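Shown here: my_file-v8.cif, mmCIF, C-alpha atoms, pLDDT in the B column; chains and numbers go by the auth columns.
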data_query
loop_
_atom_site.group_PDB
_atom_site.id
_atom_site.type_symbol
_atom_site.label_atom_id
_atom_site.label_comp_id
_atom_site.label_asym_id
_atom_site.label_seq_id
_atom_site.Cartn_x
_atom_site.Cartn_y
_atom_site.Cartn_z
_atom_site.B_iso_or_equiv
_atom_site.auth_seq_id
_atom_site.auth_asym_id
ATOM 1 C CA MET A 1 0.000 0.000 0.000 56.00 6 J
ATOM 2 C CA LYS A 2 1.346 3.379 -1.035 66.00 7 J
ATOM 3 C CA SER A 3 2.197 5.664 1.870 73.00 8 J
ATOM 4 C CA PHE A 4 1.506 9.390 1.871 76.00 9 J
ATOM 5 C CA THR A 5 3.947 12.060 2.871 86.00 10 J
ATOM 6 C CA PRO A 6 2.819 14.556 5.551 87.00 11 J
ATOM 7 C CA PHE A 7 2.382 17.209 2.852 90.00 12 J
ATOM 8 C CA GLN A 8 0.189 14.907 0.749 89.00 13 J
ATOM 9 C CA LEU A 9 -1.939 14.089 3.783 91.00 14 J
ATOM 10 C CA ILE A 10 -2.417 17.809 4.477 93.00 15 J
ATOM 11 C CA VAL A 11 -3.443 18.366 0.843 94.00 16 J
ATOM 12 C CA VAL A 12 -5.935 15.481 0.964 92.00 17 J
ATOM 13 C CA LEU A 13 -7.385 16.732 4.257 94.00 18 J
ATOM 14 C CA ALA A 14 -7.720 20.286 2.939 96.00 19 J
ATOM 15 C CA SER A 15 -9.395 18.981 -0.218 96.00 20 J
ATOM 16 C CA ALA A 16 -11.828 16.897 1.817 95.00 21 J
ATOM 17 C CA LEU A 17 -12.737 19.897 3.969 96.00 22 J
ATOM 18 C CA ILE A 18 -13.416 22.042 0.914 96.00 23 J
ATOM 19 C CA LEU A 19 -15.603 19.346 -0.632 95.00 24 J
ATOM 20 C CA LEU A 20 -17.451 18.935 2.650 95.00 25 J
ATOM 21 C CA PHE A 21 -17.983 22.688 2.862 95.00 26 J
ATOM 22 C CA ILE A 22 -19.603 22.637 -0.598 92.00 27 J
ATOM 23 C CA ILE A 23 -21.624 19.461 -0.180 93.00 28 J
ATOM 24 C CA ALA A 24 -22.833 19.724 3.430 95.00 29 J
ATOM 25 C CA PRO A 25 -25.221 22.719 3.102 92.00 30 J
ATOM 26 C CA LEU A 26 -26.756 21.301 -0.082 91.00 31 J
ATOM 27 C CA ALA A 27 -27.037 17.808 1.365 93.00 32 J
ATOM 28 C CA GLY A 28 -28.640 19.202 4.506 93.00 33 J
ATOM 29 C CA MET A 29 -31.237 21.055 2.441 93.00 34 J
ATOM 30 C CA PHE A 30 -32.086 17.933 0.455 93.00 35 J
ATOM 31 C CA VAL A 31 -32.327 15.758 3.574 93.00 36 J
ATOM 32 C CA ALA A 32 -34.630 18.280 5.267 92.00 37 J
ATOM 33 C CA THR A 33 -37.015 18.289 2.293 93.00 38 J
ATOM 34 C CA SER A 34 -39.452 15.390 2.235 92.00 39 J
ATOM 35 C CA PRO A 35 -40.611 13.833 -1.060 92.00 40 J
ATOM 36 C CA ALA A 36 -44.166 14.925 -0.220 93.00 41 J
ATOM 37 C CA ASP A 37 -43.103 18.570 0.146 93.00 42 J
ATOM 38 C CA LEU A 38 -41.160 18.368 -3.084 93.00 43 J
ATOM 39 C CA PHE A 39 -44.107 16.837 -4.932 94.00 44 J
ATOM 40 C CA GLU A 40 -46.508 19.481 -3.651 94.00 45 J
ATOM 41 C CA THR A 41 -44.091 22.221 -4.656 94.00 46 J
ATOM 42 C CA ALA A 42 -43.725 20.726 -8.139 94.00 47 J
ATOM 43 C CA LYS A 43 -47.520 20.959 -8.575 95.00 48 J
ATOM 44 C CA ASP A 44 -47.560 24.640 -7.594 96.00 49 J
ATOM 45 C CA ILE A 45 -48.453 26.676 -10.695 96.00 50 J
ATOM 46 C CA GLU A 46 -46.541 29.715 -9.449 96.00 51 J
ATOM 47 C CA VAL A 47 -43.396 27.617 -9.011 96.00 52 J
ATOM 48 C CA GLN A 48 -43.788 26.045 -12.450 95.00 53 J
ATOM 49 C CA GLN A 49 -44.212 29.439 -14.103 97.00 54 J
ATOM 50 C CA SER A 50 -41.198 30.914 -12.323 96.00 55 J
ATOM 51 C CA ILE A 51 -38.943 28.024 -13.363 96.00 56 J
ATOM 52 C CA LYS A 52 -40.127 28.200 -16.979 96.00 57 J
ATOM 53 C CA LEU A 53 -39.571 31.955 -17.020 97.00 58 J
ATOM 54 C CA THR A 54 -36.090 31.579 -15.541 97.00 59 J
ATOM 55 C CA LEU A 55 -35.039 28.961 -18.077 95.00 60 J
ATOM 56 C CA TRP A 56 -36.320 30.568 -21.252 97.00 61 J
ATOM 57 C CA VAL A 57 -35.288 34.133 -20.396 97.00 62 J
ATOM 58 C CA SER A 58 -31.760 33.048 -19.484 97.00 63 J
ATOM 59 C CA LEU A 59 -31.560 30.991 -22.676 96.00 64 J
ATOM 60 C CA ALA A 60 -32.842 33.913 -24.761 97.00 65 J
ATOM 61 C CA ALA A 61 -30.348 36.305 -23.170 97.00 66 J
ATOM 62 C CA THR A 62 -27.511 33.873 -23.868 97.00 67 J
ATOM 63 C CA VAL A 63 -28.447 33.383 -27.520 97.00 68 J
ATOM 64 C CA VAL A 64 -29.136 37.057 -28.304 97.00 69 J
ATOM 65 C CA PHE A 65 -26.044 38.509 -26.642 97.00 70 J
ATOM 66 C CA SER A 66 -23.729 35.757 -27.930 97.00 71 J
ATOM 67 C CA VAL A 67 -24.249 37.050 -31.480 97.00 72 J
ATOM 68 C CA ALA A 68 -22.083 40.068 -30.642 97.00 73 J
ATOM 69 C CA ALA A 69 -20.060 38.593 -27.754 97.00 74 J
ATOM 70 C CA ILE A 70 -18.408 35.810 -29.770 97.00 75 J
ATOM 71 C CA PRO A 71 -16.996 38.088 -32.530 97.00 76 J
ATOM 72 C CA PHE A 72 -15.913 40.495 -29.791 97.00 77 J
ATOM 73 C CA SER A 73 -14.025 37.652 -28.109 97.00 78 J
ATOM 74 C CA TYR A 74 -12.310 36.886 -31.422 97.00 79 J
ATOM 75 C CA LEU A 75 -11.247 40.506 -31.716 96.00 80 J
ATOM 76 C CA LEU A 76 -9.780 40.415 -28.215 96.00 81 J
ATOM 77 C CA ALA A 77 -7.887 37.213 -28.996 96.00 82 J
ATOM 78 C CA ARG A 78 -6.429 38.350 -32.302 94.00 83 J
ATOM 79 C CA LYS A 79 -5.917 42.101 -32.165 92.00 84 J
ATOM 80 C CA SER A 80 -3.760 44.427 -30.089 92.00 85 J
ATOM 81 C CA PHE A 81 -5.046 47.949 -29.680 90.00 86 J
ATOM 82 C CA PRO A 82 -4.576 50.904 -27.329 91.00 87 J
ATOM 83 C CA LEU A 83 -6.113 50.473 -23.868 91.00 88 J
ATOM 84 C CA LYS A 84 -6.773 46.781 -24.464 92.00 89 J
ATOM 85 C CA SER A 85 -5.931 45.978 -20.837 92.00 90 J
ATOM 86 C CA ILE A 86 -8.559 48.486 -19.714 95.00 91 J
ATOM 87 C CA VAL A 87 -11.125 46.907 -22.023 95.00 92 J
ATOM 88 C CA THR A 88 -10.446 43.428 -20.617 94.00 93 J
ATOM 89 C CA GLY A 89 -10.759 44.859 -17.107 93.00 94 J
ATOM 90 C CA ILE A 90 -14.115 46.437 -17.974 95.00 95 J
ATOM 91 C CA ILE A 91 -15.373 43.049 -19.195 96.00 96 J
ATOM 92 C CA ASP A 92 -14.814 41.571 -15.730 94.00 97 J
ATOM 93 C CA LEU A 93 -16.500 44.447 -13.879 94.00 98 J
ATOM 94 C CA PRO A 94 -19.938 42.762 -13.662 94.00 99 J
ATOM 95 C CA ILE A 95 -18.296 39.892 -11.782 91.00 100 J
ATOM 96 C CA VAL A 96 -16.572 41.996 -9.144 92.00 101 J
ATOM 97 C CA ILE A 97 -19.149 44.723 -8.404 93.00 102 J
ATOM 98 C CA PRO A 98 -22.020 44.017 -5.968 93.00 103 J
ATOM 99 C CA HIS A 99 -24.942 42.707 -7.959 90.00 104 J
ATOM 100 C CA SER A 100 -27.334 45.024 -6.191 92.00 105 J
ATOM 101 C CA ALA A 101 -25.227 47.870 -7.595 94.00 106 J
ATOM 102 C CA ALA A 102 -25.327 46.160 -10.989 94.00 107 J
ATOM 103 C CA GLY A 103 -29.104 46.098 -10.712 95.00 108 J
ATOM 104 C CA ILE A 104 -29.218 49.825 -9.973 96.00 109 J
ATOM 105 C CA ALA A 105 -27.013 50.461 -13.018 95.00 110 J
ATOM 106 C CA ILE A 106 -29.224 48.311 -15.244 96.00 111 J
ATOM 107 C CA LEU A 107 -32.376 49.946 -13.899 95.00 112 J
ATOM 108 C CA GLY A 108 -31.041 53.358 -14.863 94.00 113 J
ATOM 109 C CA PHE A 109 -30.054 51.983 -18.267 94.00 114 J
ATOM 110 C CA VAL A 110 -33.501 50.566 -19.127 94.00 115 J
ATOM 111 C CA SER A 111 -35.791 52.950 -17.215 92.00 116 J
ATOM 112 C CA ARG A 112 -38.485 54.860 -19.073 88.00 117 J
ATOM 113 C CA ASN A 113 -36.377 58.043 -19.067 90.00 118 J
ATOM 114 C CA SER A 114 -33.265 56.424 -20.584 91.00 119 J
ATOM 115 C CA LEU A 115 -32.499 56.288 -24.309 91.00 120 J
ATOM 116 C CA LEU A 116 -33.095 52.529 -24.381 91.00 121 J
ATOM 117 C CA GLY A 117 -36.277 52.922 -22.328 90.00 122 J
ATOM 118 C CA LYS A 118 -37.621 55.583 -24.667 91.00 123 J
ATOM 119 C CA ALA A 119 -36.787 53.451 -27.687 92.00 124 J
ATOM 120 C CA GLY A 120 -38.604 50.537 -26.097 91.00 125 J
ATOM 121 C CA SER A 121 -41.618 52.695 -25.237 88.00 126 J
ATOM 122 C CA ALA A 122 -41.819 53.778 -28.882 90.00 127 J
ATOM 123 C CA ILE A 123 -42.576 50.167 -29.849 89.00 128 J
ATOM 124 C CA GLY A 124 -44.684 49.453 -26.766 88.00 129 J
ATOM 125 C CA LEU A 125 -41.969 47.704 -24.738 90.00 130 J
ATOM 126 C CA ASP A 126 -41.318 48.618 -21.117 91.00 131 J
ATOM 127 C CA PHE A 127 -38.175 46.871 -19.876 94.00 132 J
ATOM 128 C CA VAL A 128 -38.974 47.422 -16.190 94.00 133 J
ATOM 129 C CA GLY A 129 -41.117 44.570 -14.921 94.00 134 J
ATOM 130 C CA HIS A 130 -40.782 42.719 -18.237 95.00 135 J
ATOM 131 C CA PRO A 131 -38.903 39.563 -19.302 96.00 136 J
ATOM 132 C CA ALA A 132 -36.816 41.738 -21.637 95.00 137 J
ATOM 133 C CA GLY A 133 -35.537 43.695 -18.639 95.00 138 J
ATOM 134 C CA ILE A 134 -34.814 40.448 -16.814 97.00 139 J
ATOM 135 C CA ALA A 135 -32.828 39.230 -19.837 97.00 140 J
ATOM 136 C CA VAL A 136 -30.746 42.419 -19.868 96.00 141 J
ATOM 137 C CA ALA A 137 -29.961 42.040 -16.159 97.00 142 J
ATOM 138 C CA MET A 138 -29.059 38.364 -16.573 97.00 143 J
ATOM 139 C CA ALA A 139 -26.827 39.098 -19.563 97.00 144 J
ATOM 140 C CA PHE A 140 -25.021 41.922 -17.772 97.00 145 J
ATOM 141 C CA VAL A 141 -23.776 39.683 -14.958 96.00 146 J
ATOM 142 C CA SER A 142 -23.146 36.573 -17.084 96.00 147 J
ATOM 143 C CA LEU A 143 -21.552 37.901 -20.294 97.00 148 J
ATOM 144 C CA PRO A 144 -17.991 37.883 -18.873 97.00 149 J
ATOM 145 C CA PHE A 145 -18.111 34.086 -18.585 96.00 150 J
ATOM 146 C CA LEU A 146 -18.845 33.691 -22.297 97.00 151 J
ATOM 147 C CA ILE A 147 -16.421 36.383 -23.465 97.00 152 J
ATOM 148 C CA ASN A 148 -13.506 35.072 -21.397 96.00 153 J
ATOM 149 C CA ALA A 149 -14.101 31.431 -22.368 96.00 154 J
ATOM 150 C CA ALA A 150 -14.481 32.246 -26.063 97.00 155 J
ATOM 151 C CA ARG A 151 -11.398 34.503 -26.014 97.00 156 J
ATOM 152 C CA ASP A 152 -9.322 31.698 -24.507 96.00 157 J
ATOM 153 C CA GLY A 153 -10.639 29.329 -27.169 96.00 158 J
ATOM 154 C CA PHE A 154 -9.749 31.664 -30.033 97.00 159 J
ATOM 155 C CA SER A 155 -6.329 32.348 -28.503 96.00 160 J
ATOM 156 C CA ALA A 156 -5.603 28.616 -28.581 95.00 161 J
ATOM 157 C CA VAL A 157 -6.290 28.386 -32.324 95.00 162 J
ATOM 158 C CA PRO A 158 -2.934 28.480 -34.220 94.00 163 J
ATOM 159 C CA GLU A 159 -2.826 31.823 -35.969 93.00 164 J
ATOM 160 C CA ARG A 160 -0.711 30.329 -38.757 94.00 165 J
ATOM 161 C CA LEU A 161 -3.772 28.385 -39.969 94.00 166 J
ATOM 162 C CA GLU A 162 -5.726 31.589 -40.399 94.00 167 J
ATOM 163 C CA LYS A 163 -2.821 33.348 -42.117 93.00 168 J
ATOM 164 C CA ALA A 164 -2.423 30.423 -44.494 94.00 169 J
ATOM 165 C CA ALA A 165 -6.108 30.564 -45.404 94.00 170 J
ATOM 166 C CA LEU A 166 -5.900 34.313 -45.984 93.00 171 J
ATOM 167 C CA THR A 167 -2.844 33.799 -48.202 93.00 172 J
ATOM 168 C CA LEU A 168 -4.812 31.287 -50.263 92.00 173 J
ATOM 169 C CA GLY A 169 -7.523 33.879 -50.863 92.00 174 J
ATOM 170 C CA ALA A 170 -10.071 33.201 -48.126 92.00 175 J
ATOM 171 C CA SER A 171 -11.932 36.233 -46.805 94.00 176 J
ATOM 172 C CA PRO A 172 -11.635 37.194 -43.115 93.00 177 J
ATOM 173 C CA SER A 173 -15.255 36.178 -42.556 94.00 178 J
ATOM 174 C CA ARG A 174 -14.654 32.769 -44.134 95.00 179 J
ATOM 175 C CA VAL A 175 -11.556 32.284 -41.992 95.00 180 J
ATOM 176 C CA PHE A 176 -13.606 33.120 -38.907 96.00 181 J
ATOM 177 C CA PHE A 177 -16.485 30.759 -39.705 95.00 182 J
ATOM 178 C CA THR A 178 -14.528 27.837 -41.164 95.00 183 J
ATOM 179 C CA ILE A 179 -11.336 27.851 -39.087 95.00 184 J
ATOM 180 C CA ALA A 180 -11.473 29.922 -35.901 96.00 185 J
ATOM 181 C CA LEU A 181 -15.046 29.142 -34.871 95.00 186 J
ATOM 182 C CA PRO A 182 -14.915 25.347 -35.380 94.00 187 J
ATOM 183 C CA LEU A 183 -11.547 25.008 -33.624 95.00 188 J
ATOM 184 C CA ALA A 184 -12.598 27.189 -30.669 95.00 189 J
ATOM 185 C CA TRP A 185 -16.065 25.648 -30.422 93.00 190 J
ATOM 186 C CA ARG A 186 -15.363 23.633 -27.270 91.00 191 J
ATOM 187 C CA ASN A 187 -14.480 26.752 -25.267 94.00 192 J
ATOM 188 C CA ILE A 188 -17.317 28.733 -26.797 95.00 193 J
ATOM 189 C CA LEU A 189 -19.839 26.051 -25.919 93.00 194 J
ATOM 190 C CA SER A 190 -18.496 25.895 -22.375 92.00 195 J
ATOM 191 C CA GLY A 191 -18.832 29.679 -22.145 95.00 196 J
ATOM 192 C CA LEU A 192 -22.411 29.550 -23.443 95.00 197 J
ATOM 193 C CA ILE A 193 -23.336 26.954 -20.831 93.00 198 J
ATOM 194 C CA LEU A 194 -21.712 28.969 -18.054 93.00 199 J
ATOM 195 C CA MET A 195 -23.464 32.162 -19.193 95.00 200 J
ATOM 196 C CA PHE A 196 -26.809 30.369 -19.302 95.00 201 J
ATOM 197 C CA ALA A 197 -26.288 28.840 -15.858 92.00 202 J
ATOM 198 C CA ARG A 198 -25.096 32.116 -14.340 94.00 203 J
ATOM 199 C CA GLY A 199 -28.084 33.959 -15.770 95.00 204 J
ATOM 200 C CA MET A 200 -30.482 31.430 -14.260 94.00 205 J
ATOM 201 C CA SER A 201 -29.037 31.934 -10.803 93.00 206 J
ATOM 202 C CA GLU A 202 -29.001 35.746 -10.806 95.00 207 J
ATOM 203 C CA PHE A 203 -30.992 37.518 -8.069 95.00 208 J
ATOM 204 C CA GLY A 204 -29.549 40.897 -7.060 94.00 209 J
ATOM 205 C CA ALA A 205 -29.497 42.540 -10.483 95.00 210 J
ATOM 206 C CA VAL A 206 -32.845 41.120 -11.586 96.00 211 J
ATOM 207 C CA ILE A 207 -34.831 42.109 -8.504 96.00 212 J
ATOM 208 C CA MET A 208 -33.972 45.767 -9.109 94.00 213 J
ATOM 209 C CA VAL A 209 -35.375 45.618 -12.621 95.00 214 J
ATOM 210 C CA ALA A 210 -38.296 43.216 -12.287 94.00 215 J
ATOM 211 C CA TYR A 211 -39.712 41.846 -9.047 94.00 216 J
ATOM 212 C CA HIS A 212 -42.636 40.652 -11.137 92.00 217 J
ATOM 213 C CA PRO A 213 -42.819 38.453 -13.134 95.00 218 J
ATOM 214 C CA MET A 214 -40.821 36.419 -10.655 96.00 219 J
ATOM 215 C CA ILE A 215 -37.930 34.230 -11.681 97.00 220 J
ATOM 216 C CA SER A 216 -37.151 31.335 -9.359 96.00 221 J
ATOM 217 C CA PRO A 217 -34.427 33.024 -7.235 96.00 222 J
ATOM 218 C CA ILE A 218 -36.842 35.879 -6.459 97.00 223 J
ATOM 219 C CA LEU A 219 -39.699 33.467 -5.721 96.00 224 J
ATOM 220 C CA ILE A 220 -37.446 31.640 -3.248 96.00 225 J
ATOM 221 C CA TYR A 221 -36.593 34.940 -1.578 96.00 226 J
ATOM 222 C CA GLU A 222 -40.244 35.980 -1.391 95.00 227 J
ATOM 223 C CA ARG A 223 -41.381 32.699 0.143 95.00 228 J
ATOM 224 C CA PHE A 224 -38.595 32.819 2.676 95.00 229 J
ATOM 225 C CA GLY A 225 -39.540 36.365 3.679 94.00 230 J
ATOM 226 C CA ALA A 226 -43.264 35.649 3.813 93.00 231 J
ATOM 227 C CA PHE A 227 -43.427 32.087 5.138 92.00 232 J
ATOM 228 C CA GLY A 228 -39.962 31.131 6.372 93.00 233 J
ATOM 229 C CA LEU A 229 -37.451 28.411 5.656 91.00 234 J
ATOM 230 C CA LYS A 230 -39.996 25.580 5.554 90.00 235 J
ATOM 231 C CA TYR A 231 -41.741 26.969 2.468 91.00 236 J
ATOM 232 C CA ALA A 232 -38.669 28.349 0.712 94.00 237 J
ATOM 233 C CA ARG A 233 -36.571 25.197 0.979 95.00 238 J
ATOM 234 C CA PRO A 234 -38.675 22.896 -1.295 95.00 239 J
ATOM 235 C CA VAL A 235 -38.650 25.545 -4.040 96.00 240 J
ATOM 236 C CA SER A 236 -34.875 25.805 -3.696 95.00 241 J
ATOM 237 C CA VAL A 237 -34.429 22.035 -3.922 95.00 242 J
ATOM 238 C CA LEU A 238 -36.718 21.748 -6.941 95.00 243 J
ATOM 239 C CA PHE A 239 -34.968 24.600 -8.748 95.00 244 J
ATOM 240 C CA ILE A 240 -31.538 23.106 -7.998 93.00 245 J
ATOM 241 C CA LEU A 241 -32.645 19.701 -9.302 93.00 246 J
ATOM 242 C CA ILE A 242 -34.035 21.155 -12.528 92.00 247 J
ATOM 243 C CA SER A 243 -31.000 23.407 -13.014 89.00 248 J
ATOM 244 C CA LEU A 244 -28.713 20.433 -12.433 88.00 249 J
ATOM 245 C CA ALA A 245 -30.670 18.315 -14.917 89.00 250 J
ATOM 246 C CA VAL A 246 -30.477 21.060 -17.568 87.00 251 J
ATOM 247 C CA PHE A 247 -26.776 21.601 -16.890 84.00 252 J
ATOM 248 C CA ILE A 248 -26.004 17.865 -17.186 87.00 253 J
ATOM 249 C CA LEU A 249 -28.046 17.652 -20.399 84.00 254 J
ATOM 250 C CA LEU A 250 -26.157 20.557 -21.945 81.00 255 J
ATOM 251 C CA ARG A 251 -22.815 19.060 -20.928 78.00 256 J
ATOM 252 C CA MET A 252 -23.822 15.702 -22.447 81.00 257 J
ATOM 253 C CA LEU A 253 -24.843 17.391 -25.703 75.00 258 J
ATOM 254 C CA ALA A 254 -21.541 19.256 -25.741 71.00 259 J
ATOM 255 C CA ARG A 255 -19.609 16.033 -25.155 74.00 260 J
ATOM 256 C CA ASN A 256 -21.503 14.256 -27.927 70.00 261 J
ATOM 257 C CA LYS A 257 -20.657 17.086 -30.309 62.00 262 J
ATOM 258 C CA GLU A 258 -16.983 16.868 -29.386 61.00 263 J
ATOM 259 C CA GLN A 259 -16.912 13.077 -29.881 61.00 264 J
ATOM 260 C CA LYS A 260 -18.788 13.178 -33.187 58.00 265 J
ATOM 261 C CA PRO A 261 -16.400 12.001 -35.910 51.00 266 J
ATOM 262 C CA VAL A 262 -15.362 14.551 -38.508 45.00 267 J
ATOM 263 C CA HIS A 263 -15.519 13.297 -42.096 46.00 268 J
ATOM 264 C CA HIS A 264 -13.032 14.868 -44.440 42.00 269 J
ATOM 265 C CA ALA A 265 -13.723 15.120 -48.129 36.00 270 J
#
Target encoding C-alpha cells, full file:
Amino acid sequence: MKSFTPFQLIVVLASALILLFIIAPLAGMFVATSPADLFETAKDIEVQQSIKLTLWVSLAATVVFSVAAIPFSYLLARKSFPLKSIVTGIIDLPIVIPHSAAGIAILGFVSRNSLLGKAGSAIGLDFVGHPAGIAVAMAFVSLPFLINAARDGFSAVPERLEKAALTLGASPSRVFFTIALPLAWRNILSGLILMFARGMSEFGAVIMVAYHPMISPILIYERFGAFGLKYARPVSVLFILISLAVFILLRMLARNKEQKPVHHA
C-alpha cells in the first residue's frame, strides 16, 4: 500500500474539507425536504411558471447577446489595440461589483427616461417589470463568462492556420467561420453553458429591474420572507434539481458534439 507524505496528507485533508464545505449545506437542504413537500411544490403553478420563465429568459439572453459577444471575443484574442488591458478589465467588472449595484445600473439603463427605455416605449416595450428587462440584467452579470471562455478558445487556435487561409484567398469572414469558430467551439460552448447557468441563478441585479414576473431566485426569496425556511426550501431544492438536470443535459450534448467524428472530403 502506497504511503503518503505529511504534505500529501495535508493536501488530501484540505481537499476533503473544501468538498465537505460545498456538499454539506446542499445535502442538509435535500435531507430536510421530504418527497411529499417536493411533490406538492412541483404541482404549484406559481413555481412552475417561475422556473419556466427563468429557463427561457436566461436561454434567450444567452443566444441574443452571444451574437455580438463571440466576434468580440475573437477581436480580443487576435488584435492588439490601445487600452486593451482596460477593455479586458471592464469586461470583468460585472463579476466583481455588488450585484445590487449592478441592478441599480441596469435599472437606470432601461428605465423609461433612458435612451433605451424611450426606444422601447416607442414600440410598446417597457423593460422594467418585463422579461426583456430580466434578460438584460441576466446578460449583464453573465456575459464575462462567455467572453472570457471564447477569447481563450480563439487564442488557442494556431494563428498560422488563419494566415495560411488568408494567403490562399479566403476572406476574413470565411476564416472566422470555417477555421477559428470550429476550432474554438469547445471553449465557446463551455462559455455559453456557463453564461446560461449564471443567468439562471441571478438575483440581485434582476430584482432591481423586475420583481414581477418572478424568476425562481426571487420566488425563493419571497417565500422565505413571507413564510420562512420551511416553504422556501422545497422551491430551492426543486430549482436546484431542474438546473442540475439542464446543466447535465447541456454538458452531455456538448460532449456528444466533441466526440462526433469529422468526415473529411
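Rounded to one decimal, atom CA of Phe208 of chain J and atom CA of Leu258 of chain J lie 27.5 Å from each other.
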Between J:Ala169, J:Leu194, J:Val211, J:Leu243, which has the minimum distance to Ala259 of chain J (counting all atoms listed in the file)?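 Counting all atoms listed in the file, the residue closest to Ala259 of chain J is J:Leu194.
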Give me, please, the distance in Å between atom CA of Val52 of chain J and atom CA of Gly134 of chain J, quoted to one decimal.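 Value for the atom CA of Val52 of chain J-atom CA of Gly134 of chain J distance: 18.1 Å.
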The PyMOL selection byres ((chain J and resi 196-198) around 7) on the file shown: which residues, as a PyMOL selection string? chain J and resi 67+150-151+154-155+192-195+199-202
Could you name the residues that touch segment 106-118 of chain J at 12 Å or less, counting only C-alpha atoms, but leaving out those on the same chain fewer than 6 positions away, as a PDB file with C-alpha atoms, in the frame of the given file?
ATOM      1  CA  LEU J  98     -16.500  44.447 -13.879  1.00 94.00           C
ATOM      2  CA  PRO J  99     -19.938  42.762 -13.662  1.00 94.00           C
ATOM      3  CA  ILE J 100     -18.296  39.892 -11.782  1.00 91.00           C
ATOM      4  CA  ALA J 124     -36.787  53.451 -27.687  1.00 92.00           C
ATOM      5  CA  GLY J 125     -38.604  50.537 -26.097  1.00 91.00           C
ATOM      6  CA  SER J 126     -41.618  52.695 -25.237  1.00 88.00           C
ATOM      7  CA  ALA J 127     -41.819  53.778 -28.882  1.00 90.00           C
ATOM      8  CA  GLY J 129     -44.684  49.453 -26.766  1.00 88.00           C
ATOM      9  CA  LEU J 130     -41.969  47.704 -24.738  1.00 90.00           C
ATOM     10  CA  ASP J 131     -41.318  48.618 -21.117  1.00 91.00           C
ATOM     11  CA  PHE J 132     -38.175  46.871 -19.876  1.00 94.00           C
ATOM     12  CA  VAL J 133     -38.974  47.422 -16.190  1.00 94.00           C
ATOM     13  CA  GLY J 134     -41.117  44.570 -14.921  1.00 94.00           C
ATOM     14  CA  HIS J 135     -40.782  42.719 -18.237  1.00 95.00           C
ATOM     15  CA  ALA J 137     -36.816  41.738 -21.637  1.00 95.00           C
ATOM     16  CA  GLY J 138     -35.537  43.695 -18.639  1.00 95.00           C
ATOM     17  CA  ILE J 139     -34.814  40.448 -16.814  1.00 97.00           C
ATOM     18  CA  ALA J 140     -32.828  39.230 -19.837  1.00 97.00           C
ATOM     19  CA  VAL J 141     -30.746  42.419 -19.868  1.00 96.00           C
ATOM     20  CA  ALA J 142     -29.961  42.040 -16.159  1.00 97.00           C
ATOM     21  CA  MET J 143     -29.059  38.364 -16.573  1.00 97.00           C
ATOM     22  CA  ALA J 144     -26.827  39.098 -19.563  1.00 97.00           C
ATOM     23  CA  PHE J 145     -25.021  41.922 -17.772  1.00 97.00           C
ATOM     24  CA  VAL J 146     -23.776  39.683 -14.958  1.00 96.00           C
ATOM     25  CA  SER J 147     -23.146  36.573 -17.084  1.00 96.00           C
ATOM     26  CA  GLU J 207     -29.001  35.746 -10.806  1.00 95.00           C
ATOM     27  CA  PHE J 208     -30.992  37.518  -8.069  1.00 95.00           C
ATOM     28  CA  GLY J 209     -29.549  40.897  -7.060  1.00 94.00           C
ATOM     29  CA  ALA J 210     -29.497  42.540 -10.483  1.00 95.00           C
ATOM     30  CA  VAL J 211     -32.845  41.120 -11.586  1.00 96.00           C
ATOM     31  CA  ILE J 212     -34.831  42.109  -8.504  1.00 96.00           C
ATOM     32  CA  MET J 213     -33.972  45.767  -9.109  1.00 94.00           C
ATOM     33  CA  VAL J 214     -35.375  45.618 -12.621  1.00 95.00           C
ATOM     34  CA  ALA J 215     -38.296  43.216 -12.287  1.00 94.00           C
ATOM     35  CA  TYR J 216     -39.712  41.846  -9.047  1.00 94.00           C
TER      36      TYR J 216
END
Near Pro76 of chain J, within 12 Å and counting all atoms listed in the file, which residues show up once chain neighbours fewer than 6 positions away are dropped, as a list in words? Phe70, Ala82, Arg83, Lys84, Leu151, Ile152, Ala155, Arg156, Phe159, Pro177, Ser178, Phe181, Phe182, Ala185, Leu186, Ala189 and Ile193 of chain J
Given the PyMOL selection byres ((chain J and resi 221) around 10), the residues it picks as a PyMOL selection string: chain J and resi 51-60+205-208+218-220+222-227+240-241+243-244
Can you tell me how far atom CA of Phe9 of chain J sits from atom CA of Leu24 of chain J, in Å to one decimal?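 It comes out at 20.0 Å.
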Which residue gives the smallest distance to Trp190 of chain J among J:Lys123, J:Arg165, J:Arg260, J:Lys89, with all atoms listed in the file counted?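 Between J:Lys123, J:Arg165, J:Arg260, J:Lys89, the residue approaching Trp190 of chain J most closely is J:Arg260.
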Measuring atom to atom with all atoms listed in the file, identify which of J:Ile15, J:Val242, J:Val180, J:Ala170 is nearest to Pro30 of chain J.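 When distances to Pro30 of chain J are compared using all atoms listed in the file, the smallest one comes from J:Val242.
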Among listed residues J:Lys168, J:Gly204, J:Ser85, J:Phe77, nearest Asn153 of chain J (using only C-alpha atoms):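 That would be J:Phe77, the residue with the smallest distance to Asn153 of chain J.
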Shell around Leu43 of chain J at 12 Å using all atoms listed in the file, local window under 5 positions removed, as an mmCIF file with C-alpha atoms, keeping the file's coordinate frame:
data_model
loop_
_atom_site.group_PDB
_atom_site.id
_atom_site.type_symbol
_atom_site.label_atom_id
_atom_site.label_comp_id
_atom_site.auth_asym_id
_atom_site.auth_seq_id
_atom_site.Cartn_x
_atom_site.Cartn_y
_atom_site.Cartn_z
ATOM 1 C CA MET J 34 -31.237 21.055 2.441
ATOM 2 C CA PHE J 35 -32.086 17.933 0.455
ATOM 3 C CA VAL J 36 -32.327 15.758 3.574
ATOM 4 C CA ALA J 37 -34.630 18.280 5.267
ATOM 5 C CA THR J 38 -37.015 18.289 2.293
ATOM 6 C CA LYS J 48 -47.520 20.959 -8.575
ATOM 7 C CA ASP J 49 -47.560 24.640 -7.594
ATOM 8 C CA VAL J 52 -43.396 27.617 -9.011
ATOM 9 C CA LYS J 235 -39.996 25.580 5.554
ATOM 10 C CA TYR J 236 -41.741 26.969 2.468
ATOM 11 C CA ALA J 237 -38.669 28.349 0.712
ATOM 12 C CA ARG J 238 -36.571 25.197 0.979
ATOM 13 C CA PRO J 239 -38.675 22.896 -1.295
ATOM 14 C CA VAL J 240 -38.650 25.545 -4.040
ATOM 15 C CA SER J 241 -34.875 25.805 -3.696
ATOM 16 C CA VAL J 242 -34.429 22.035 -3.922
ATOM 17 C CA LEU J 243 -36.718 21.748 -6.941
ATOM 18 C CA PHE J 244 -34.968 24.600 -8.748
ATOM 19 C CA ILE J 245 -31.538 23.106 -7.998
ATOM 20 C CA LEU J 246 -32.645 19.701 -9.302
#
